file protein.cif (mmCIF, N, CA and C atoms)
data_input
#
loop_
_atom_site.label_atom_id
_atom_site.label_comp_id
_atom_site.auth_asym_id
_atom_site.auth_seq_id
_atom_site.Cartn_x
_atom_site.Cartn_y
_atom_site.Cartn_z
N MET A 1 -3.85 49.38 25.95
CA MET A 1 -2.75 48.46 25.99
C MET A 1 -2.26 48.13 24.58
N ALA A 2 -3.06 47.43 23.81
CA ALA A 2 -2.61 47.05 22.47
C ALA A 2 -3.73 47.16 21.46
N CYS A 3 -4.71 48.02 21.74
CA CYS A 3 -5.85 48.13 20.82
C CYS A 3 -5.43 48.67 19.46
N PHE A 4 -4.31 49.39 19.39
CA PHE A 4 -3.86 49.95 18.12
C PHE A 4 -3.37 48.87 17.16
N THR A 5 -3.08 47.68 17.65
CA THR A 5 -2.57 46.63 16.77
C THR A 5 -3.64 46.10 15.81
N VAL A 6 -4.91 46.17 16.20
CA VAL A 6 -5.97 45.67 15.32
C VAL A 6 -6.13 46.56 14.09
N PRO A 7 -6.30 47.90 14.25
CA PRO A 7 -6.35 48.73 13.03
C PRO A 7 -5.04 48.70 12.24
N ALA A 8 -3.90 48.54 12.93
CA ALA A 8 -2.62 48.46 12.22
C ALA A 8 -2.56 47.20 11.37
N THR A 9 -3.09 46.10 11.89
CA THR A 9 -3.12 44.85 11.12
C THR A 9 -4.03 45.00 9.90
N GLU A 10 -5.19 45.64 10.10
CA GLU A 10 -6.08 45.89 8.96
C GLU A 10 -5.39 46.80 7.94
N ALA A 11 -4.63 47.78 8.43
CA ALA A 11 -3.92 48.69 7.53
C ALA A 11 -2.88 47.95 6.70
N ILE A 12 -2.19 47.01 7.31
CA ILE A 12 -1.20 46.21 6.58
C ILE A 12 -1.88 45.40 5.47
N ILE A 13 -2.99 44.77 5.81
CA ILE A 13 -3.71 43.95 4.83
C ILE A 13 -4.24 44.80 3.69
N THR A 14 -4.84 45.94 4.00
CA THR A 14 -5.40 46.79 2.94
C THR A 14 -4.31 47.46 2.12
N THR A 15 -3.15 47.69 2.70
CA THR A 15 -2.03 48.26 1.93
C THR A 15 -1.55 47.26 0.89
N VAL A 16 -1.40 46.01 1.29
CA VAL A 16 -1.00 44.97 0.34
C VAL A 16 -2.07 44.81 -0.75
N ALA A 17 -3.34 44.81 -0.33
CA ALA A 17 -4.43 44.69 -1.31
C ALA A 17 -4.43 45.87 -2.28
N ALA A 18 -4.18 47.08 -1.78
CA ALA A 18 -4.16 48.26 -2.65
C ALA A 18 -3.04 48.17 -3.68
N ILE A 19 -1.89 47.66 -3.28
CA ILE A 19 -0.77 47.52 -4.21
C ILE A 19 -1.11 46.52 -5.30
N ILE A 20 -1.71 45.41 -4.92
CA ILE A 20 -2.09 44.38 -5.90
C ILE A 20 -3.16 44.92 -6.85
N ILE A 21 -4.18 45.59 -6.30
CA ILE A 21 -5.26 46.13 -7.12
C ILE A 21 -4.74 47.21 -8.06
N LYS A 22 -3.82 48.05 -7.57
CA LYS A 22 -3.28 49.12 -8.41
C LYS A 22 -2.52 48.56 -9.60
N SER A 23 -1.76 47.48 -9.39
CA SER A 23 -1.03 46.89 -10.51
C SER A 23 -1.98 46.28 -11.53
N LYS A 24 -3.07 45.68 -11.06
CA LYS A 24 -4.07 45.13 -11.98
C LYS A 24 -4.80 46.24 -12.73
N GLU A 25 -5.06 47.37 -12.05
CA GLU A 25 -5.71 48.50 -12.72
C GLU A 25 -4.81 49.10 -13.79
N LYS A 26 -3.51 49.16 -13.53
CA LYS A 26 -2.58 49.68 -14.53
C LYS A 26 -2.58 48.82 -15.79
N LYS A 27 -2.61 47.49 -15.60
CA LYS A 27 -2.67 46.58 -16.75
C LYS A 27 -3.97 46.80 -17.52
N LEU A 28 -5.07 46.98 -16.81
CA LEU A 28 -6.37 47.19 -17.44
C LEU A 28 -6.41 48.51 -18.19
N ILE A 29 -5.79 49.55 -17.63
CA ILE A 29 -5.76 50.87 -18.29
C ILE A 29 -4.93 50.78 -19.57
N ASN A 30 -3.81 50.07 -19.52
CA ASN A 30 -2.97 49.92 -20.71
C ASN A 30 -3.71 49.18 -21.83
N LEU A 31 -4.57 48.24 -21.48
CA LEU A 31 -5.33 47.50 -22.48
C LEU A 31 -6.43 48.35 -23.11
N SER A 32 -6.98 49.29 -22.34
CA SER A 32 -8.12 50.07 -22.83
C SER A 32 -7.76 51.52 -23.14
N LYS A 33 -6.54 51.78 -23.60
CA LYS A 33 -6.15 53.15 -23.95
C LYS A 33 -6.86 53.66 -25.19
N SER A 34 -7.41 52.78 -25.99
CA SER A 34 -8.10 53.21 -27.20
C SER A 34 -9.40 53.93 -26.89
N ASP A 35 -9.90 53.80 -25.67
CA ASP A 35 -11.15 54.44 -25.26
C ASP A 35 -10.86 55.78 -24.60
N SER A 36 -9.99 56.59 -25.22
CA SER A 36 -9.56 57.84 -24.62
C SER A 36 -10.50 59.01 -24.92
N ASN A 37 -11.55 58.80 -25.72
CA ASN A 37 -12.47 59.89 -26.04
C ASN A 37 -13.46 60.15 -24.91
N GLN A 38 -13.42 59.38 -23.88
CA GLN A 38 -14.34 59.54 -22.76
C GLN A 38 -13.83 60.63 -21.83
N ASP A 39 -14.67 61.64 -21.56
CA ASP A 39 -14.29 62.75 -20.69
C ASP A 39 -14.38 62.36 -19.22
N PHE A 40 -15.30 61.53 -18.89
CA PHE A 40 -15.57 61.17 -17.50
C PHE A 40 -14.71 59.99 -17.07
N GLN A 41 -14.08 60.12 -15.93
CA GLN A 41 -13.30 59.02 -15.38
C GLN A 41 -13.68 58.82 -13.92
N LYS A 42 -13.94 57.56 -13.56
CA LYS A 42 -14.21 57.24 -12.17
C LYS A 42 -12.89 57.18 -11.40
N ILE A 43 -12.99 57.40 -10.12
CA ILE A 43 -11.82 57.28 -9.26
C ILE A 43 -11.49 55.80 -9.13
N PRO A 44 -10.25 55.41 -9.38
CA PRO A 44 -9.88 53.99 -9.27
C PRO A 44 -10.08 53.46 -7.85
N PHE A 45 -10.43 52.19 -7.75
CA PHE A 45 -10.68 51.60 -6.43
C PHE A 45 -9.42 51.58 -5.59
N SER A 46 -8.25 51.46 -6.22
CA SER A 46 -7.01 51.47 -5.44
C SER A 46 -6.82 52.82 -4.74
N THR A 47 -7.24 53.90 -5.36
CA THR A 47 -7.18 55.21 -4.73
C THR A 47 -8.14 55.27 -3.54
N LYS A 48 -9.33 54.73 -3.75
CA LYS A 48 -10.32 54.72 -2.66
C LYS A 48 -9.83 53.86 -1.49
N LEU A 49 -9.18 52.74 -1.81
CA LEU A 49 -8.62 51.89 -0.76
C LEU A 49 -7.47 52.61 -0.06
N GLY A 50 -6.78 53.47 -0.78
CA GLY A 50 -5.72 54.29 -0.19
C GLY A 50 -6.27 55.23 0.88
N TRP A 51 -7.49 55.71 0.67
CA TRP A 51 -8.13 56.56 1.70
C TRP A 51 -8.29 55.79 3.00
N LEU A 52 -8.76 54.53 2.89
CA LEU A 52 -8.90 53.70 4.08
C LEU A 52 -7.55 53.45 4.73
N ASN A 53 -6.53 53.20 3.92
CA ASN A 53 -5.18 52.98 4.45
C ASN A 53 -4.71 54.18 5.26
N LYS A 54 -4.90 55.37 4.71
CA LYS A 54 -4.45 56.58 5.41
C LYS A 54 -5.19 56.76 6.73
N MET A 55 -6.49 56.49 6.72
CA MET A 55 -7.26 56.60 7.96
C MET A 55 -6.78 55.59 9.00
N LEU A 56 -6.55 54.36 8.58
CA LEU A 56 -6.12 53.32 9.51
C LEU A 56 -4.70 53.56 10.02
N TRP A 57 -3.77 53.89 9.12
CA TRP A 57 -2.40 54.14 9.55
C TRP A 57 -2.32 55.35 10.48
N GLY A 58 -3.05 56.41 10.14
CA GLY A 58 -3.03 57.60 10.99
C GLY A 58 -3.60 57.33 12.37
N GLY A 59 -4.72 56.64 12.43
CA GLY A 59 -5.32 56.30 13.72
C GLY A 59 -4.44 55.38 14.53
N SER A 60 -3.83 54.40 13.88
CA SER A 60 -2.95 53.46 14.58
C SER A 60 -1.73 54.18 15.13
N ALA A 61 -1.15 55.08 14.34
CA ALA A 61 0.03 55.82 14.80
C ALA A 61 -0.32 56.70 16.00
N LEU A 62 -1.46 57.36 15.93
CA LEU A 62 -1.88 58.21 17.04
C LEU A 62 -2.13 57.39 18.30
N LEU A 63 -2.79 56.24 18.14
CA LEU A 63 -3.03 55.37 19.29
C LEU A 63 -1.74 54.79 19.85
N ALA A 64 -0.83 54.41 18.98
CA ALA A 64 0.45 53.86 19.44
C ALA A 64 1.21 54.93 20.23
N PHE A 65 1.21 56.17 19.73
CA PHE A 65 1.87 57.26 20.44
C PHE A 65 1.24 57.47 21.82
N GLU A 66 -0.08 57.39 21.87
CA GLU A 66 -0.78 57.57 23.15
C GLU A 66 -0.40 56.46 24.13
N HIS A 67 -0.27 55.24 23.64
CA HIS A 67 0.11 54.13 24.50
C HIS A 67 1.57 54.25 24.96
N VAL A 68 2.44 54.75 24.09
CA VAL A 68 3.83 55.00 24.49
C VAL A 68 3.86 56.09 25.55
N TRP A 69 3.07 57.13 25.34
CA TRP A 69 3.02 58.27 26.26
C TRP A 69 2.62 57.82 27.67
N HIS A 70 1.69 56.88 27.74
CA HIS A 70 1.21 56.40 29.04
C HIS A 70 2.02 55.22 29.58
N GLY A 71 3.08 54.84 28.90
CA GLY A 71 3.97 53.80 29.38
C GLY A 71 3.45 52.39 29.18
N GLU A 72 2.45 52.21 28.33
CA GLU A 72 1.92 50.87 28.08
C GLU A 72 2.70 50.13 27.01
N VAL A 73 3.44 50.88 26.20
CA VAL A 73 4.33 50.30 25.19
C VAL A 73 5.72 50.81 25.49
N VAL A 74 6.67 49.90 25.57
CA VAL A 74 8.04 50.26 25.94
C VAL A 74 9.00 49.83 24.82
N PRO A 75 10.18 50.45 24.73
CA PRO A 75 11.10 50.14 23.63
C PRO A 75 11.96 48.89 23.84
N PHE A 76 11.58 48.02 24.74
CA PHE A 76 12.35 46.79 24.96
C PHE A 76 11.38 45.62 25.06
N PHE A 77 11.91 44.43 24.78
CA PHE A 77 11.08 43.22 24.76
C PHE A 77 10.43 43.01 26.11
N PRO A 78 9.18 42.65 26.20
CA PRO A 78 8.21 42.23 25.20
C PRO A 78 7.38 43.38 24.63
N PHE A 79 7.81 44.61 24.77
CA PHE A 79 7.24 45.82 24.18
C PHE A 79 5.90 46.24 24.80
N LEU A 80 5.05 45.31 25.15
CA LEU A 80 3.77 45.63 25.78
C LEU A 80 3.87 45.31 27.27
N THR A 81 3.62 46.30 28.11
CA THR A 81 3.74 46.08 29.55
C THR A 81 2.71 45.09 30.06
N ALA A 82 1.60 44.93 29.37
CA ALA A 82 0.57 43.97 29.79
C ALA A 82 1.10 42.54 29.70
N VAL A 83 1.92 42.27 28.70
CA VAL A 83 2.50 40.92 28.56
C VAL A 83 3.52 40.70 29.68
N LYS A 84 4.31 41.71 29.96
CA LYS A 84 5.33 41.59 31.01
C LYS A 84 4.68 41.40 32.38
N ASP A 85 3.57 42.10 32.63
CA ASP A 85 2.90 42.04 33.92
C ASP A 85 1.98 40.83 34.07
N GLY A 86 1.80 40.07 33.01
CA GLY A 86 0.93 38.90 33.07
C GLY A 86 -0.54 39.21 32.81
N ASN A 87 -0.84 40.37 32.25
CA ASN A 87 -2.23 40.77 31.94
C ASN A 87 -2.57 40.46 30.49
N THR A 88 -2.09 39.37 29.98
CA THR A 88 -2.30 39.03 28.57
C THR A 88 -3.78 38.85 28.25
N ALA A 89 -4.54 38.23 29.15
CA ALA A 89 -5.96 38.02 28.91
C ALA A 89 -6.70 39.36 28.83
N GLU A 90 -6.34 40.28 29.70
CA GLU A 90 -6.96 41.61 29.68
C GLU A 90 -6.60 42.35 28.39
N MET A 91 -5.34 42.20 27.96
CA MET A 91 -4.89 42.84 26.72
C MET A 91 -5.63 42.28 25.51
N LEU A 92 -5.78 40.96 25.46
CA LEU A 92 -6.50 40.34 24.34
C LEU A 92 -7.97 40.74 24.34
N LYS A 93 -8.55 40.90 25.52
CA LYS A 93 -9.94 41.34 25.61
C LYS A 93 -10.07 42.77 25.08
N GLU A 94 -9.13 43.64 25.43
CA GLU A 94 -9.17 45.01 24.93
C GLU A 94 -8.99 45.05 23.41
N MET A 95 -8.10 44.21 22.91
CA MET A 95 -7.89 44.16 21.46
C MET A 95 -9.16 43.69 20.75
N SER A 96 -9.84 42.70 21.31
CA SER A 96 -11.03 42.16 20.64
C SER A 96 -12.26 43.05 20.80
N THR A 97 -12.28 43.90 21.78
CA THR A 97 -13.43 44.79 21.95
C THR A 97 -13.13 46.19 21.41
N VAL A 98 -12.18 46.87 22.02
CA VAL A 98 -11.88 48.25 21.64
C VAL A 98 -11.22 48.31 20.26
N GLY A 99 -10.20 47.50 20.04
CA GLY A 99 -9.49 47.53 18.76
C GLY A 99 -10.38 47.15 17.59
N LEU A 100 -11.18 46.10 17.79
CA LEU A 100 -12.08 45.66 16.72
C LEU A 100 -13.15 46.71 16.44
N SER A 101 -13.71 47.31 17.49
CA SER A 101 -14.75 48.32 17.28
C SER A 101 -14.18 49.56 16.58
N MET A 102 -12.93 49.93 16.90
CA MET A 102 -12.31 51.07 16.21
C MET A 102 -12.10 50.75 14.73
N SER A 103 -11.64 49.55 14.44
CA SER A 103 -11.44 49.16 13.04
C SER A 103 -12.75 49.15 12.27
N LEU A 104 -13.79 48.62 12.89
CA LEU A 104 -15.10 48.58 12.24
C LEU A 104 -15.66 49.98 12.02
N LEU A 105 -15.45 50.87 12.98
CA LEU A 105 -15.94 52.24 12.84
C LEU A 105 -15.23 52.97 11.70
N VAL A 106 -13.91 52.84 11.65
CA VAL A 106 -13.15 53.49 10.58
C VAL A 106 -13.56 52.93 9.22
N THR A 107 -13.75 51.63 9.13
CA THR A 107 -14.17 51.01 7.88
C THR A 107 -15.58 51.44 7.50
N ALA A 108 -16.46 51.60 8.47
CA ALA A 108 -17.82 52.07 8.20
C ALA A 108 -17.81 53.51 7.69
N VAL A 109 -17.00 54.36 8.29
CA VAL A 109 -16.88 55.75 7.82
C VAL A 109 -16.36 55.77 6.40
N TRP A 110 -15.38 54.91 6.10
CA TRP A 110 -14.86 54.81 4.73
C TRP A 110 -15.95 54.35 3.77
N GLY A 111 -16.78 53.41 4.20
CA GLY A 111 -17.89 52.95 3.38
C GLY A 111 -18.87 54.07 3.07
N ILE A 112 -19.14 54.91 4.06
CA ILE A 112 -20.02 56.07 3.85
C ILE A 112 -19.36 57.03 2.85
N MET A 113 -18.05 57.22 2.99
CA MET A 113 -17.33 58.06 2.03
C MET A 113 -17.48 57.53 0.62
N LEU A 114 -17.36 56.21 0.45
CA LEU A 114 -17.50 55.61 -0.88
C LEU A 114 -18.91 55.83 -1.43
N GLY A 115 -19.91 55.74 -0.56
CA GLY A 115 -21.29 55.99 -0.99
C GLY A 115 -21.48 57.41 -1.50
N VAL A 116 -20.92 58.37 -0.77
CA VAL A 116 -21.04 59.78 -1.18
C VAL A 116 -20.30 60.01 -2.49
N VAL A 117 -19.10 59.45 -2.62
CA VAL A 117 -18.32 59.60 -3.85
C VAL A 117 -19.06 58.97 -5.03
N SER A 118 -19.69 57.84 -4.80
CA SER A 118 -20.45 57.16 -5.85
C SER A 118 -21.60 58.04 -6.35
N ILE A 119 -22.27 58.70 -5.43
CA ILE A 119 -23.36 59.61 -5.81
C ILE A 119 -22.82 60.74 -6.68
N PHE A 120 -21.68 61.31 -6.28
CA PHE A 120 -21.10 62.40 -7.07
C PHE A 120 -20.62 61.91 -8.44
N GLU A 121 -20.06 60.71 -8.50
CA GLU A 121 -19.60 60.17 -9.78
C GLU A 121 -20.78 59.94 -10.72
N LYS A 122 -21.88 59.41 -10.19
CA LYS A 122 -23.07 59.19 -11.03
C LYS A 122 -23.63 60.52 -11.52
N ARG A 123 -23.64 61.50 -10.64
CA ARG A 123 -24.15 62.83 -11.01
C ARG A 123 -23.28 63.45 -12.10
N GLN A 124 -21.96 63.32 -11.96
CA GLN A 124 -21.04 63.88 -12.95
C GLN A 124 -21.20 63.17 -14.30
N LYS A 125 -21.34 61.86 -14.27
CA LYS A 125 -21.50 61.09 -15.51
C LYS A 125 -22.79 61.49 -16.20
N LYS A 126 -23.86 61.67 -15.42
CA LYS A 126 -25.14 62.06 -16.00
C LYS A 126 -25.04 63.45 -16.62
N THR A 127 -24.33 64.37 -15.97
CA THR A 127 -24.15 65.72 -16.49
C THR A 127 -23.34 65.70 -17.78
N LYS A 128 -22.29 64.89 -17.82
CA LYS A 128 -21.47 64.78 -19.04
C LYS A 128 -22.28 64.20 -20.19
N ASN A 129 -23.09 63.17 -19.91
CA ASN A 129 -23.92 62.56 -20.95
C ASN A 129 -24.97 63.54 -21.45
N LEU A 130 -25.55 64.32 -20.57
CA LEU A 130 -26.54 65.32 -20.97
C LEU A 130 -25.89 66.39 -21.83
N GLY A 131 -24.69 66.82 -21.45
CA GLY A 131 -23.96 67.82 -22.24
C GLY A 131 -23.63 67.31 -23.63
N ALA A 132 -23.30 66.04 -23.74
CA ALA A 132 -22.99 65.45 -25.05
C ALA A 132 -24.23 65.38 -25.92
N LEU A 133 -25.37 65.12 -25.31
CA LEU A 133 -26.63 65.04 -26.07
C LEU A 133 -27.05 66.43 -26.59
N LEU A 134 -26.82 67.45 -25.77
CA LEU A 134 -27.23 68.80 -26.15
C LEU A 134 -26.28 69.42 -27.16
N ALA A 135 -25.06 68.95 -27.23
CA ALA A 135 -24.06 69.56 -28.12
C ALA A 135 -24.24 69.15 -29.55
#
call {"tool": "encode", "arguments": {"input": "protein.cif", "output": "structure tokens"}}
result
Amino acid sequence: MACFTVPATEAIITTVAAIIIKSKEKKLINLSKSDSNQDFQKIPFSTKLGWLNKMLWGGSALLAFEHVWHGEVVPFFPFLTAVKDGNTAEMLKEMSTVGLSMSLLVTAVWGIMLGVVSIFEKRQKKTKNLGALLA
């Protein structure tokens, strides 16, 4: 019915957060341009948050399309057939169970991705430091 609205709401929030974080990172990069002799660069957090945004927006769009396909979302007010039919309680229950669990799962997968990337970044930094010591 409307389970796609929960990940879409999270996507809106994380998109705004990514824009704010990216602007702060740009200011920080401009202040620390003198440290350009460093070969190793970590992936900015705004980029990593962008990964979560893409996962959430893609999943929400796919779910919204599926709901349109099955006639649960219509192009006229009130847009959700559950509201029109008086199944608002059932719709809210689906949003709080299915929608919330989908959002949590996507965020958990993103967290695992961040963990793997962190391992690779540490490994790369260690390799660069070892190469500098040997040179």
call {"tool": "resolve_selection", "arguments": {"input": "protein.cif", "expression": "the PyMOL selection byres (((chain A and resi 16-22 and name CA) around 8) and name CA)", "output": "short mmCIF file (atom, residue, chain, number, x, y, z; two decimals) with N, CA and C atoms, in the coordinates of the input"}}
result
data_model
loop_
_atom_site.label_atom_id
_atom_site.label_comp_id
_atom_site.auth_asym_id
_atom_site.auth_seq_id
_atom_site.Cartn_x
_atom_site.Cartn_y
_atom_site.Cartn_z
N ILE A 12 -2.19 47.01 7.31
CA ILE A 12 -1.20 46.21 6.58
C ILE A 12 -1.88 45.40 5.47
N ILE A 13 -2.99 44.77 5.81
CA ILE A 13 -3.71 43.95 4.83
C ILE A 13 -4.24 44.80 3.69
N THR A 14 -4.84 45.94 4.00
CA THR A 14 -5.40 46.79 2.94
C THR A 14 -4.31 47.46 2.12
N THR A 15 -3.15 47.69 2.70
CA THR A 15 -2.03 48.26 1.93
C THR A 15 -1.55 47.26 0.89
N SER A 23 -1.76 47.48 -9.39
CA SER A 23 -1.03 46.89 -10.51
C SER A 23 -1.98 46.28 -11.53
N LYS A 24 -3.07 45.68 -11.06
CA LYS A 24 -4.07 45.13 -11.98
C LYS A 24 -4.80 46.24 -12.73
N GLU A 25 -5.06 47.37 -12.05
CA GLU A 25 -5.71 48.50 -12.72
C GLU A 25 -4.81 49.10 -13.79
N LYS A 26 -3.51 49.16 -13.53
CA LYS A 26 -2.58 49.68 -14.53
C LYS A 26 -2.58 48.82 -15.79
N PHE A 45 -10.43 52.19 -7.75
CA PHE A 45 -10.68 51.60 -6.43
C PHE A 45 -9.42 51.58 -5.59
N SER A 46 -8.25 51.46 -6.22
CA SER A 46 -7.01 51.47 -5.44
C SER A 46 -6.82 52.82 -4.74
N THR A 47 -7.24 53.90 -5.36
CA THR A 47 -7.18 55.21 -4.73
C THR A 47 -8.14 55.27 -3.54
N LEU A 49 -9.18 52.74 -1.81
CA LEU A 49 -8.62 51.89 -0.76
C LEU A 49 -7.47 52.61 -0.06
N GLY A 50 -6.78 53.47 -0.78
CA GLY A 50 -5.72 54.29 -0.19
C GLY A 50 -6.27 55.23 0.88
#
call {"tool": "closest_residue", "arguments": {"input": "protein.cif", "among": "A:Val83, A:Ala8, A:Ile112, A:Met1", "to": "A:Ser60", "atoms": "only C-alpha atoms"}}
result
A:Ala8
call {"tool": "resolve_selection", "arguments": {"input": "protein.cif", "expression": "the PyMOL selection byres ((chain A and resi 3) around 7)", "output": "number ranges by chain"}}
result
A: 1-2, 4-8, 91, 94-96, 98-100
call {"tool": "closest_residue", "arguments": {"input": "protein.cif", "among": "A:Leu92, A:Leu114, A:Leu31, A:Leu104", "to": "A:Trp51", "atoms": "only C-alpha atoms"}}
result
A:Leu114
call {"tool": "closest_residue", "arguments": {"input": "protein.cif", "among": "A:Ile43, A:Leu63, A:Leu56, A:Val109", "to": "A:Glu121", "atoms": "only C-alpha atoms"}}
result
A:Ile43
call {"tool": "select_by_dssp", "arguments": {"input": "protein.cif", "residues": "stretch 24-101 of chain A", "states": "alpha helix (DSSP H)", "output": "number ranges by chain"}}
result
A: 24-31, 45-69, 81-85, 88-94, 100-101
call {"tool": "decode", "arguments": {"input": "protein.cif", "residues": "stretch 4-31 of chain A", "atoms": "N, CA and C atoms", "output": "compact mmCIF listing (two decimals), in the first residue's frame"}}
result
# COMPACT_ATOMS: atom_id res chain seq x y z
N PHE A 4 6.50 2.06 0.57
CA PHE A 4 7.60 2.75 -0.10
C PHE A 4 7.81 4.16 0.45
N THR A 5 6.84 4.70 1.16
CA THR A 5 6.98 6.06 1.68
C THR A 5 8.01 6.16 2.81
N VAL A 6 8.20 5.08 3.55
CA VAL A 6 9.17 5.11 4.66
C VAL A 6 10.60 5.21 4.13
N PRO A 7 11.04 4.32 3.20
CA PRO A 7 12.39 4.51 2.64
C PRO A 7 12.52 5.81 1.86
N ALA A 8 11.44 6.28 1.23
CA ALA A 8 11.50 7.54 0.50
C ALA A 8 11.71 8.71 1.46
N THR A 9 11.08 8.65 2.62
CA THR A 9 11.27 9.69 3.63
C THR A 9 12.71 9.68 4.15
N GLU A 10 13.24 8.47 4.39
CA GLU A 10 14.64 8.38 4.82
C GLU A 10 15.56 8.90 3.73
N ALA A 11 15.23 8.63 2.47
CA ALA A 11 16.04 9.11 1.36
C ALA A 11 16.04 10.63 1.29
N ILE A 12 14.91 11.25 1.55
CA ILE A 12 14.83 12.72 1.55
C ILE A 12 15.73 13.28 2.65
N ILE A 13 15.64 12.70 3.84
CA ILE A 13 16.44 13.18 4.97
C ILE A 13 17.93 13.01 4.70
N THR A 14 18.33 11.85 4.20
CA THR A 14 19.75 11.62 3.95
C THR A 14 20.27 12.43 2.78
N THR A 15 19.41 12.76 1.82
CA THR A 15 19.83 13.62 0.71
C THR A 15 20.14 15.02 1.21
N VAL A 16 19.28 15.55 2.06
CA VAL A 16 19.53 16.88 2.64
C VAL A 16 20.80 16.84 3.49
N ALA A 17 20.95 15.78 4.28
CA ALA A 17 22.16 15.65 5.12
C ALA A 17 23.41 15.57 4.26
N ALA A 18 23.35 14.83 3.15
CA ALA A 18 24.52 14.70 2.27
C ALA A 18 24.90 16.04 1.66
N ILE A 19 23.92 16.85 1.30
CA ILE A 19 24.21 18.16 0.72
C ILE A 19 24.89 19.06 1.76
N ILE A 20 24.39 19.03 2.98
CA ILE A 20 24.98 19.85 4.05
C ILE A 20 26.40 19.38 4.36
N ILE A 21 26.59 18.06 4.48
CA ILE A 21 27.90 17.51 4.79
C ILE A 21 28.89 17.79 3.67
N LYS A 22 28.43 17.70 2.42
CA LYS A 22 29.32 17.95 1.28
C LYS A 22 29.81 19.39 1.28
N SER A 23 28.93 20.34 1.61
CA SER A 23 29.36 21.74 1.64
C SER A 23 30.37 21.97 2.76
N LYS A 24 30.18 21.32 3.90
CA LYS A 24 31.14 21.45 5.00
C LYS A 24 32.47 20.79 4.65
N GLU A 25 32.42 19.67 3.92
CA GLU A 25 33.66 19.01 3.50
C GLU A 25 34.43 19.87 2.51
N LYS A 26 33.73 20.56 1.62
CA LYS A 26 34.40 21.44 0.66
C LYS A 26 35.13 22.57 1.38
N LYS A 27 34.49 23.15 2.41
CA LYS A 27 35.13 24.20 3.20
C LYS A 27 36.37 23.65 3.89
N LEU A 28 36.27 22.45 4.43
CA LEU A 28 37.39 21.82 5.13
C LEU A 28 38.53 21.51 4.17
N ILE A 29 38.21 21.07 2.95
CA ILE A 29 39.25 20.77 1.95
C ILE A 29 39.96 22.05 1.54
N ASN A 30 39.21 23.13 1.36
CA ASN A 30 39.83 24.41 0.99
C ASN A 30 40.78 24.91 2.08
N LEU A 31 40.46 24.65 3.34
CA LEU A 31 41.33 25.07 4.43
C LEU A 31 42.61 24.24 4.52
